[in-house]
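start-v8.cif (mmCIF, C-alpha atoms)
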```cif
data_query
loop_
_atom_site.label_atom_id
_atom_site.label_comp_id
_atom_site.auth_asym_id
_atom_site.auth_seq_id
_atom_site.Cartn_x
_atom_site.Cartn_y
_atom_site.Cartn_z
CA MET A 255 22.73 10.63 4.14
CA ASN A 256 18.97 10.25 3.86
CA PHE A 257 17.97 8.23 6.93
CA TYR A 258 14.41 7.35 5.96
CA PHE A 259 13.91 3.71 4.92
CA ASP A 260 10.26 3.18 5.81
CA ALA A 261 8.57 4.20 2.56
CA ALA A 262 6.14 1.26 2.68
CA ALA A 263 4.55 3.12 5.61
CA THR A 264 4.67 6.57 4.04
CA THR A 265 6.87 8.36 1.53
CA PRO A 266 8.37 11.85 1.89
CA ILE A 267 6.18 14.36 0.12
CA HIS A 268 7.72 15.51 -3.18
CA PRO A 269 8.76 19.20 -3.34
CA LYS A 270 6.82 19.66 -6.59
CA VAL A 271 3.74 18.26 -4.89
CA LEU A 272 4.07 20.81 -2.07
CA SER A 273 4.60 23.57 -4.60
CA GLU A 274 1.40 22.73 -6.50
CA MET A 275 -0.57 22.43 -3.27
CA ASN A 276 0.57 25.86 -2.11
CA LYS A 277 -0.67 27.40 -5.36
CA VAL A 278 -4.26 26.49 -4.44
CA ALA A 279 -4.09 27.26 -0.72
CA ASP A 280 -6.67 30.02 -1.23
CA ILE A 281 -9.32 27.54 -2.46
CA PHE A 282 -11.09 26.99 0.85
CA GLY A 283 -14.67 26.35 -0.21
CA ASN A 284 -16.56 23.12 0.33
CA SER A 285 -16.93 21.44 -3.06
CA GLY A 286 -20.46 20.43 -2.14
CA SER A 287 -21.63 24.00 -1.57
CA LYS A 288 -23.80 25.53 -4.29
CA HIS A 289 -22.18 28.95 -4.49
CA TRP A 290 -19.19 30.54 -6.23
CA GLU A 291 -16.55 29.40 -3.72
CA GLY A 292 -17.97 25.88 -3.63
CA PHE A 293 -18.08 25.71 -7.43
CA ARG A 294 -14.45 26.82 -7.51
CA ALA A 295 -13.39 23.97 -5.24
CA HIS A 296 -15.53 21.48 -7.16
CA LYS A 297 -14.05 22.55 -10.49
CA LYS A 298 -10.47 22.12 -9.25
CA ILE A 299 -11.22 18.64 -7.84
CA GLU A 300 -12.90 17.55 -11.09
CA GLU A 301 -9.93 18.85 -13.08
CA CYS A 302 -7.57 16.81 -10.89
CA LEU A 303 -9.68 13.67 -11.27
CA GLY A 304 -9.35 14.05 -15.04
CA ARG A 305 -5.57 14.27 -14.73
CA ILE A 306 -5.45 11.23 -12.44
CA ALA A 307 -7.71 9.24 -14.78
CA ASP A 308 -5.39 10.00 -17.69
CA ARG A 309 -2.40 8.70 -15.76
CA MET A 310 -4.25 5.60 -14.62
CA GLY A 311 -5.69 4.85 -18.06
CA THR A 312 -9.33 5.03 -17.03
CA SER A 313 -12.27 7.46 -16.99
CA PRO A 314 -12.86 10.00 -14.19
CA ALA A 315 -16.42 8.67 -13.98
CA HIS A 316 -14.95 5.56 -12.33
CA LEU A 317 -12.98 7.48 -9.68
CA ALA A 318 -13.99 8.67 -6.22
CA VAL A 319 -11.89 10.70 -3.80
CA THR A 320 -11.32 9.03 -0.40
CA HIS A 321 -9.34 9.77 2.74
CA GLY A 322 -6.83 7.05 1.78
CA GLY A 323 -6.50 3.30 1.41
CA THR A 324 -8.02 2.37 4.76
CA ASP A 325 -11.02 4.63 4.14
CA ALA A 326 -11.53 3.22 0.63
CA ASN A 327 -11.28 -0.41 1.73
CA ARG A 328 -13.74 -0.03 4.57
CA LYS A 329 -16.23 1.96 2.53
CA VAL A 330 -16.29 -0.79 -0.09
CA ILE A 331 -16.77 -3.51 2.53
CA TRP A 332 -19.54 -1.59 4.28
CA ALA A 333 -21.26 -0.87 0.95
CA MET A 334 -21.12 -4.58 0.04
CA ARG A 335 -22.57 -5.60 3.40
CA LYS A 336 -25.41 -3.15 2.89
CA LYS A 337 -25.98 -4.48 -0.62
CA LEU A 338 -25.75 -8.19 0.22
CA GLY A 339 -27.13 -8.26 3.73
CA CYS A 340 -25.27 -11.56 4.20
CA PRO A 341 -21.62 -11.39 5.37
CA ARG A 342 -21.30 -15.16 4.86
CA ASP A 343 -21.00 -14.42 1.13
CA MET A 344 -17.98 -12.15 1.72
CA TRP A 345 -14.38 -13.31 2.00
CA CYS A 346 -10.89 -11.82 2.30
CA SER A 347 -7.42 -13.31 2.09
CA ARG A 348 -5.37 -13.85 5.22
CA VAL A 349 -2.66 -11.46 4.06
CA GLU A 350 -4.82 -8.32 3.84
CA HIS A 351 -4.06 -5.00 5.47
CA SER A 352 -5.77 -4.59 8.84
CA SER A 353 -8.31 -2.19 7.27
CA VAL A 354 -9.71 -5.25 5.49
CA ALA A 355 -8.78 -8.17 7.72
CA ASP A 356 -10.27 -6.60 10.84
CA GLU A 357 -13.67 -6.55 9.13
CA PHE A 358 -13.76 -10.34 8.69
CA THR A 359 -13.85 -13.24 11.12
CA GLU A 360 -11.19 -15.92 10.67
CA SER A 361 -13.83 -18.26 9.27
CA ARG A 362 -14.21 -15.90 6.30
CA GLN A 363 -10.50 -15.56 5.56
CA PHE A 364 -8.76 -17.76 3.00
CA SER A 365 -5.22 -18.61 1.99
CA PRO A 366 -4.39 -16.93 -1.36
CA ASP A 367 -2.36 -20.04 -2.20
CA ASP A 368 -5.35 -22.35 -1.74
CA LEU A 369 -8.71 -21.10 -3.00
CA SER A 370 -10.34 -24.34 -1.91
CA THR A 371 -10.49 -22.80 1.57
CA ILE A 372 -13.32 -20.60 0.22
CA SER A 373 -16.58 -22.44 0.74
CA GLY A 374 -19.53 -21.94 -1.56
CA THR A 375 -19.68 -19.18 -4.17
CA PRO A 376 -18.74 -15.81 -2.70
CA GLN A 377 -20.36 -12.61 -3.89
CA PHE A 378 -17.43 -10.50 -2.70
CA VAL A 379 -13.71 -11.24 -2.32
CA ALA A 380 -10.87 -8.99 -1.11
CA GLN A 381 -7.35 -9.86 -2.30
CA MET A 382 -4.62 -7.23 -2.18
CA PHE A 383 -2.28 -6.70 -5.13
CA ALA A 384 0.94 -6.42 -3.10
CA ASN A 385 1.41 -7.19 0.57
CA ASN A 386 2.32 -4.22 2.71
CA GLU A 387 4.86 -6.13 4.85
CA THR A 388 6.67 -8.30 2.30
CA GLY A 389 5.88 -6.70 -1.06
CA ARG A 390 4.71 -10.02 -2.50
CA ILE A 391 2.61 -9.56 -5.64
CA PHE A 392 -0.64 -11.54 -5.76
CA LEU A 393 -1.62 -10.90 -9.37
CA PRO A 394 -1.68 -14.64 -10.33
CA GLU A 395 -3.87 -15.31 -7.29
CA ILE A 396 -6.18 -12.41 -8.20
CA GLN A 397 -6.50 -13.79 -11.73
CA ALA A 398 -7.27 -17.23 -10.31
CA ILE A 399 -10.01 -15.77 -8.11
CA ARG A 400 -11.54 -13.99 -11.09
CA LYS A 401 -11.45 -17.18 -13.15
CA LYS A 402 -12.91 -19.40 -10.42
CA PHE A 403 -15.53 -16.88 -9.25
CA PRO A 404 -16.31 -14.73 -12.32
CA ASP A 405 -19.48 -13.29 -10.79
CA SER A 406 -17.85 -12.22 -7.52
CA LEU A 407 -17.08 -8.55 -6.95
CA LEU A 408 -13.37 -8.21 -6.23
CA LEU A 409 -11.67 -5.55 -4.10
CA VAL A 410 -7.96 -5.15 -4.86
CA ASP A 411 -5.91 -3.04 -2.45
CA TRP A 412 -3.34 -1.44 -4.79
CA VAL A 413 -1.79 0.84 -2.17
CA GLN A 414 1.71 -0.68 -2.37
CA GLY A 415 1.65 -1.11 -6.13
CA VAL A 416 1.18 2.44 -7.46
CA GLY A 417 4.19 3.45 -9.53
CA LYS A 418 5.69 -0.03 -9.18
CA ALA A 419 3.34 -1.98 -11.47
CA ASP A 420 0.77 -1.25 -14.16
CA PHE A 421 -2.88 -1.25 -13.12
CA ASP A 422 -4.95 -4.33 -13.95
CA PHE A 423 -8.56 -3.26 -14.41
CA ASP A 424 -9.66 -6.57 -15.93
CA ASN A 425 -9.38 -8.47 -12.65
CA ALA A 426 -10.87 -5.97 -10.19
CA ASP A 427 -14.16 -4.27 -9.43
CA PHE A 428 -12.72 -1.91 -6.83
CA ILE A 429 -9.15 -0.63 -6.59
CA SER A 430 -8.00 1.35 -3.53
CA ILE A 431 -5.09 3.81 -3.68
CA SER A 432 -3.43 6.10 -1.11
CA ALA A 433 -1.44 9.18 -2.19
CA HIS A 434 1.10 9.11 0.63
CA LYS A 435 2.58 5.87 -0.70
CA PHE A 436 3.95 7.63 -3.81
CA HIS A 437 5.17 11.01 -2.52
CA GLY A 438 1.74 12.63 -2.26
CA PRO A 439 -0.01 14.08 0.80
CA LYS A 440 -1.54 12.03 3.60
CA GLY A 441 -5.26 11.77 4.16
CA VAL A 442 -6.31 11.49 0.52
CA GLY A 443 -6.70 8.61 -1.93
CA ILE A 444 -8.62 7.28 -4.89
CA LEU A 445 -11.12 4.48 -5.25
CA TRP A 446 -11.64 3.04 -8.73
CA ILE A 447 -15.13 1.56 -9.17
CA ARG A 448 -16.03 -0.63 -12.14
CA TYR A 449 -19.77 -0.07 -11.77
CA PRO A 450 -20.14 3.44 -10.27
CA GLU A 451 -23.86 3.58 -11.04
CA GLU A 452 -24.47 0.53 -8.82
CA PHE A 453 -22.65 2.09 -5.86
CA PRO A 454 -23.71 5.75 -5.68
CA GLU A 455 -22.76 5.85 -2.00
CA LEU A 456 -19.18 5.36 -3.19
CA SER A 457 -19.08 7.09 -6.58
CA LYS A 458 -21.05 10.14 -5.42
CA ASP A 459 -19.68 10.28 -1.89
CA THR A 460 -20.37 13.76 -0.53
CA HIS A 461 -17.74 13.86 2.24
CA THR A 462 -15.83 17.13 2.49
CA LYS A 463 -12.83 16.98 0.16
CA ASP A 464 -9.66 19.06 0.50
CA PRO A 465 -8.78 20.69 -2.87
CA MET A 466 -5.15 21.13 -1.78
CA ALA A 467 -4.81 17.42 -0.99
CA VAL A 468 -6.45 16.38 -4.27
CA VAL A 469 -4.17 18.74 -6.22
CA GLY A 470 -1.18 17.20 -4.44
CA MET A 471 -2.37 13.69 -5.28
CA ALA A 472 -2.83 14.59 -8.95
CA GLN A 473 0.68 16.04 -9.08
CA ALA A 474 2.09 12.89 -7.40
CA PHE A 475 0.41 10.78 -10.09
CA GLU A 476 1.99 12.90 -12.82
CA LEU A 477 5.43 12.47 -11.27
CA LEU A 478 5.27 8.67 -11.55
CA ASP A 479 8.08 7.54 -13.81
CA THR A 480 9.13 4.11 -15.07
CA GLY A 481 12.74 5.24 -14.72
CA GLU A 482 12.19 5.72 -11.00
CA ARG A 483 10.71 2.23 -10.84
CA LYS A 484 13.92 0.85 -12.35
CA LYS A 485 15.90 2.66 -9.67
CA LEU A 486 13.93 0.89 -6.94
CA VAL A 487 14.55 -2.46 -8.65
CA ARG A 488 18.29 -1.79 -8.73
CA TRP A 489 18.48 -0.68 -5.11
CA THR A 490 16.43 -3.64 -3.92
CA ASP A 491 18.83 -6.00 -5.70
CA GLN A 492 21.82 -4.09 -4.28
CA ILE A 493 20.67 -4.44 -0.68
CA GLU A 494 19.71 -8.09 -1.00
CA THR A 495 23.02 -8.92 -2.68
CA PHE A 496 24.90 -7.12 0.09
CA LEU A 497 23.06 -9.13 2.73
CA GLU A 498 23.90 -12.37 0.95
CA ASN A 499 27.59 -11.46 0.78
CA HIS A 500 28.09 -9.91 4.22
CA ILE A 501 25.58 -11.33 6.71
CA GLN A 502 25.11 -14.97 7.62
CA ASP A 503 21.90 -16.62 8.77
CA PHE A 504 19.30 -14.23 7.45
CA ARG A 505 16.09 -14.69 5.50
CA ILE A 506 14.18 -12.46 3.07
CA HIS A 507 10.53 -13.37 3.32
CA GLU A 508 8.66 -14.22 0.10
CA LYS A 509 11.89 -13.98 -1.90
CA THR A 510 10.80 -16.84 -4.17
CA HIS A 511 7.70 -14.88 -5.22
CA SER A 512 7.37 -11.82 -7.42
CA ARG A 513 7.55 -8.68 -5.29
CA VAL A 514 7.14 -4.99 -5.88
CA PRO A 515 10.53 -3.24 -5.84
CA GLY A 516 11.43 -1.26 -2.75
CA ILE A 517 10.06 -3.52 0.01
CA ILE A 518 12.46 -5.91 1.74
CA ASN A 519 11.29 -7.97 4.70
CA ALA A 520 14.46 -9.38 6.28
CA ALA A 521 14.86 -11.52 9.40
CA PHE A 522 18.24 -12.10 11.06
CA GLN A 523 18.75 -15.18 13.19
CA GLY A 524 19.21 -14.29 16.85
CA VAL A 525 18.07 -10.69 16.36
CA ARG A 526 14.65 -9.30 17.21
CA GLY A 527 13.40 -6.90 14.58
CA SER A 528 12.13 -4.49 17.26
CA GLU A 529 15.60 -4.35 18.85
CA LEU A 530 17.28 -3.72 15.51
CA MET A 531 14.71 -1.06 14.63
CA SER A 532 15.33 0.71 17.94
CA GLU A 533 19.13 0.59 17.60
CA LEU A 534 19.02 2.03 14.10
CA SER A 535 16.61 4.75 15.15
CA GLU A 536 18.22 5.80 18.44
CA LYS A 537 21.88 5.58 17.44
CA GLU A 538 21.82 6.36 13.71
CA ARG A 539 18.42 8.06 13.21
CA ILE A 540 17.68 5.49 10.50
CA CYS A 541 13.99 4.69 10.11
CA VAL A 542 12.80 1.15 9.36
CA SER A 543 9.80 -0.76 10.73
CA THR A 544 9.00 -4.28 11.90
CA GLY A 545 5.83 -4.72 9.86
CA ALA A 546 2.98 -2.49 8.81
CA ALA A 547 3.13 1.07 10.13
CA CYS A 548 0.21 0.33 12.43
CA THR A 549 2.02 -2.66 14.00
CA SER A 550 5.65 -1.48 14.06
CA ASP A 551 5.65 -1.20 17.87
CA ILE A 552 4.33 -4.71 18.53
CA LEU A 553 6.83 -7.10 20.13
CA SER A 554 4.95 -10.22 19.08
CA PRO A 555 4.91 -11.46 15.46
CA THR A 556 2.48 -9.67 13.18
CA ARG A 557 -0.53 -11.49 11.80
CA ILE A 558 1.10 -11.56 8.35
CA MET A 559 4.32 -13.06 9.71
CA GLN A 560 2.43 -15.79 11.51
CA GLU A 561 0.63 -16.60 8.27
CA ILE A 562 3.66 -16.80 5.96
CA GLU A 563 6.40 -17.93 8.37
CA LYS A 564 5.69 -20.92 10.61
CA ASN A 565 9.12 -21.02 12.28
CA PRO A 566 9.03 -18.65 15.30
CA GLU A 567 12.77 -18.10 14.95
CA TRP A 568 12.18 -16.11 11.75
CA GLN A 569 9.02 -14.23 12.72
CA TYR A 570 10.76 -11.04 13.91
CA PRO A 571 12.00 -9.22 10.79
CA ILE A 572 12.52 -5.60 9.87
CA ARG A 573 10.83 -4.06 6.85
CA ILE A 574 12.97 -1.84 4.65
CA GLY A 575 11.01 0.56 2.46
CA LEU A 576 12.87 2.35 -0.33
CA HIS A 577 11.75 5.51 -2.13
CA THR A 578 12.95 7.61 -5.05
CA ALA A 579 14.15 10.55 -2.92
CA LEU A 580 17.09 8.38 -1.81
CA GLU A 581 20.49 8.58 -3.47
CA GLU A 582 23.04 5.94 -4.43
CA LYS A 583 25.30 6.75 -1.48
CA ASP A 584 22.37 6.37 0.93
CA ILE A 585 21.91 2.74 -0.12
CA SER A 586 25.58 1.86 0.35
CA ASN A 587 25.79 3.58 3.72
CA PHE A 588 22.61 1.93 4.91
CA CYS A 589 23.95 -1.53 4.03
CA GLU A 590 27.14 -1.01 6.02
CA ILE A 591 25.32 0.37 9.05
CA LEU A 592 22.73 -2.42 8.98
CA ALA A 593 25.43 -5.10 8.91
CA HIS A 594 27.22 -3.42 11.84
CA TYR A 595 24.17 -3.41 14.10
CA VAL A 596 23.12 -6.94 13.23
CA GLU A 597 26.60 -8.08 14.33
CA GLU A 598 26.48 -5.89 17.46
CA LEU A 599 23.15 -7.35 18.56
CA ARG A 600 24.33 -10.88 17.92
CA ARG A 601 27.31 -10.28 20.19
#
```

Transcribe the structure of this file into C-alpha cells.
Amino acid sequence: MNFYFDAAATTPIHPKVLSEMNKVADIFGNSGSKHWEGFRAHKKIEECLGRIADRMGTSPAHLAVTHGGTDANRKVIWAMRKKLGCPRDMWCSRVEHSSVADEFTESRQFSPDDLSTISGTPQFVAQMFANNETGRIFLPEIQAIRKKFPDSLLLVDWVQGVGKADFDFDNADFISISAHKFHGPKGVGILWIRYPEEFPELSKDTHTKDPMAVVGMAQAFELLDTGERKKLVRWTDQIETFLENHIQDFRIHEKTHSRVPGIINAAFQGVRGSELMSELSEKERICVSTGAACTSDILSPTRIMQEIEKNPEWQYPIRIGLHTALEEKDISNFCEILAHYVEELRR
C-alpha cells in the first residue's frame, strides 16, 4: 500500500522527472555567467521555459523561474509595493496561503464572498485560484474581482490548480506555480507575468537558477494528463462516498463549492485532527495533515478554518491529499483504516 496521502503539501517526485534531471547533472554552470559553461546552463533553462510555455499555452517571454510558490507570491507583492509606494491600495483575500496573507494586515484582507469589504479602488488584489486546505476553487470570485476592478493588477496563486484545471490568463496579471505540487522537484516554480516589460525585477530576475530543477519542472509539466485528472476526481468521490456510508457525524468543508480533485478537508465530531493524524502516522505510517504543510503541527484551528468554519466543534479536520502515484487498492485500504481510527478515537 502507498501510505502517502498529503499531496496538497508535496507530491512524490515522478521517476521520469528524476531520470531527466540526472541526464543534466553535469550542467553546473551559473546561467548568468558569460562564458561557455554559463551559456550552456542558460540555453538549457531557456529550452525548458519554451517547453513549459507550450504546455501552459503562453509565451516563454511571460515566464520567470522562481524558487516556488512562496517565492513567487512574495516577489510579486514586494514588487507592487515598490511600484505603488502605498500599501493601502493593496488587498488580499482572507483565504490566501501564508506567503500572501502574512504580508497584509487584517484591515487589508477581504472576504472572497463579499467584495464590498474592499474599500476604495485597489491597485493590486491577491486571490488564490484554489485553497490549499480545502481545495475550494475561487474562479467565479476572481472573475468578479476582475469585473469590479478592471484596472487592478491581480495575483492568482495557482499552486493547487496545476494539472487539475485549465489556466485562466484572462483574469490574472500574475500566476504563481510550484513544481513540487505536480510531481516535480522542490525549490523551483514558475511565475507568469502579463506585463513582463513593466516588471523587469521579476521577468529578468538574475537569481541563480538550478538547471537540473528547471529540467525536472519542464518534465513534470509534460507529464500532466487529463486522464490522471479524471482519476483524482474518481478517487475523491470514492472516499467521500465511503465516509457518507460508513462514518457518522462528519463534515467535508466547502463541499457545496467547486473544488479541485484530490483535496478533502474532513472533520469528525469528537475527534481532533491532530490526534487522528498522529494515530495514522505512528501506527499505520499513513501521512495526512491537519491544514497547510506549514501549519500541520498546530493544535489550534488554522486561520483558514477559523475563516470558513465558525463552529469550534468542526475546526479540527484532517486534510487528505491524493496524487496520481496512488493505486486503486490504496484508496480502498485507506478508507477502511481511516474509519477504524475515527471509531477508536471516539471510544

Which residues, named as in the file, does the PyMOL selection byres ((chain A and resi 487) around 12) pick out? Answer as an mmCIF file with C-alpha atoms, in the frame of the given file.
```cif
data_model
loop_
_atom_site.group_PDB
_atom_site.id
_atom_site.type_symbol
_atom_site.label_atom_id
_atom_site.label_comp_id
_atom_site.auth_asym_id
_atom_site.auth_seq_id
_atom_site.Cartn_x
_atom_site.Cartn_y
_atom_site.Cartn_z
ATOM 1 C CA GLY A 417 4.190 3.450 -9.530
ATOM 2 C CA LYS A 418 5.690 -0.030 -9.180
ATOM 3 C CA ALA A 419 3.340 -1.980 -11.470
ATOM 4 C CA THR A 480 9.130 4.110 -15.070
ATOM 5 C CA GLY A 481 12.740 5.240 -14.720
ATOM 6 C CA GLU A 482 12.190 5.720 -11.000
ATOM 7 C CA ARG A 483 10.710 2.230 -10.840
ATOM 8 C CA LYS A 484 13.920 0.850 -12.350
ATOM 9 C CA LYS A 485 15.900 2.660 -9.670
ATOM 10 C CA LEU A 486 13.930 0.890 -6.940
ATOM 11 C CA ARG A 488 18.290 -1.790 -8.730
ATOM 12 C CA TRP A 489 18.480 -0.680 -5.110
ATOM 13 C CA THR A 490 16.430 -3.640 -3.920
ATOM 14 C CA ASP A 491 18.830 -6.000 -5.700
ATOM 15 C CA GLN A 492 21.820 -4.090 -4.280
ATOM 16 C CA ILE A 493 20.670 -4.440 -0.680
ATOM 17 C CA GLU A 494 19.710 -8.090 -1.000
ATOM 18 C CA SER A 512 7.370 -11.820 -7.420
ATOM 19 C CA ARG A 513 7.550 -8.680 -5.290
ATOM 20 C CA VAL A 514 7.140 -4.990 -5.880
ATOM 21 C CA PRO A 515 10.530 -3.240 -5.840
ATOM 22 C CA GLY A 516 11.430 -1.260 -2.750
ATOM 23 C CA ILE A 517 10.060 -3.520 0.010
ATOM 24 C CA ILE A 518 12.460 -5.910 1.740
ATOM 25 C CA LEU A 576 12.870 2.350 -0.330
ATOM 26 C CA HIS A 577 11.750 5.510 -2.130
ATOM 27 C CA THR A 578 12.950 7.610 -5.050
#
```

Within 12 Å of Ala472 (chain A) using only C-alpha atoms, minus same-chain residues under 5 positions, as a PyMOL selection string: chain A and resi 270-272+274-275+298-310+319+432-434+436-439+442-444+465-467+477-478

Residues just named, written with C-alpha atoms as a PDB file, keeping the file's coordinate frame:
```pdb
ATOM      1  CA  LYS A 270       6.820  19.660  -6.590  1.00  0.00           C
ATOM      2  CA  VAL A 271       3.740  18.260  -4.890  1.00  0.00           C
ATOM      3  CA  LEU A 272       4.070  20.810  -2.070  1.00  0.00           C
ATOM      4  CA  GLU A 274       1.400  22.730  -6.500  1.00  0.00           C
ATOM      5  CA  MET A 275      -0.570  22.430  -3.270  1.00  0.00           C
ATOM      6  CA  LYS A 298     -10.470  22.120  -9.250  1.00  0.00           C
ATOM      7  CA  ILE A 299     -11.220  18.640  -7.840  1.00  0.00           C
ATOM      8  CA  GLU A 300     -12.900  17.550 -11.090  1.00  0.00           C
ATOM      9  CA  GLU A 301      -9.930  18.850 -13.080  1.00  0.00           C
ATOM     10  CA  CYS A 302      -7.570  16.810 -10.890  1.00  0.00           C
ATOM     11  CA  LEU A 303      -9.680  13.670 -11.270  1.00  0.00           C
ATOM     12  CA  GLY A 304      -9.350  14.050 -15.040  1.00  0.00           C
ATOM     13  CA  ARG A 305      -5.570  14.270 -14.730  1.00  0.00           C
ATOM     14  CA  ILE A 306      -5.450  11.230 -12.440  1.00  0.00           C
ATOM     15  CA  ALA A 307      -7.710   9.240 -14.780  1.00  0.00           C
ATOM     16  CA  ASP A 308      -5.390  10.000 -17.690  1.00  0.00           C
ATOM     17  CA  ARG A 309      -2.400   8.700 -15.760  1.00  0.00           C
ATOM     18  CA  MET A 310      -4.250   5.600 -14.620  1.00  0.00           C
ATOM     19  CA  VAL A 319     -11.890  10.700  -3.800  1.00  0.00           C
ATOM     20  CA  SER A 432      -3.430   6.100  -1.110  1.00  0.00           C
ATOM     21  CA  ALA A 433      -1.440   9.180  -2.190  1.00  0.00           C
ATOM     22  CA  HIS A 434       1.100   9.110   0.630  1.00  0.00           C
ATOM     23  CA  PHE A 436       3.950   7.630  -3.810  1.00  0.00           C
ATOM     24  CA  HIS A 437       5.170  11.010  -2.520  1.00  0.00           C
ATOM     25  CA  GLY A 438       1.740  12.630  -2.260  1.00  0.00           C
ATOM     26  CA  PRO A 439      -0.010  14.080   0.800  1.00  0.00           C
ATOM     27  CA  VAL A 442      -6.310  11.490   0.520  1.00  0.00           C
ATOM     28  CA  GLY A 443      -6.700   8.610  -1.930  1.00  0.00           C
ATOM     29  CA  ILE A 444      -8.620   7.280  -4.890  1.00  0.00           C
ATOM     30  CA  PRO A 465      -8.780  20.690  -2.870  1.00  0.00           C
ATOM     31  CA  MET A 466      -5.150  21.130  -1.780  1.00  0.00           C
ATOM     32  CA  ALA A 467      -4.810  17.420  -0.990  1.00  0.00           C
ATOM     33  CA  LEU A 477       5.430  12.470 -11.270  1.00  0.00           C
ATOM     34  CA  LEU A 478       5.270   8.670 -11.550  1.00  0.00           C
TER      35      LEU A 478
END
```

I need the residue nearest Ile591 (chain A) from this list: A:Ile562, A:Asn385, A:His500, A:Asn425. Use all atoms listed in the file for the distance.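 Residue with the minimum atom-to-atom distance to Ile591 (chain A): A:His500.
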
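For the set A:Leu592, A:Ile399, A:Val413, A:Cys346, the residue with the smallest atom-to-atom gap to Leu497 (chain A) is A:Leu592, counting only C-alpha atoms.
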
Hey, what comes out of the PyMOL selection byres ((chain A and resi 344) around 6) on this file? Could you write it as a PyMOL selection string? chain A and resi 341-343+345+376+378-379

For each of A:Thr460, A:His296, A:Val596, A:Ala474, take the minimum atom-to-atom distance to Pro269 (chain A), counting all atoms listed in the file, then give the residue where this is smallest.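 The closest residue to Pro269 (chain A) is A:Ala474.
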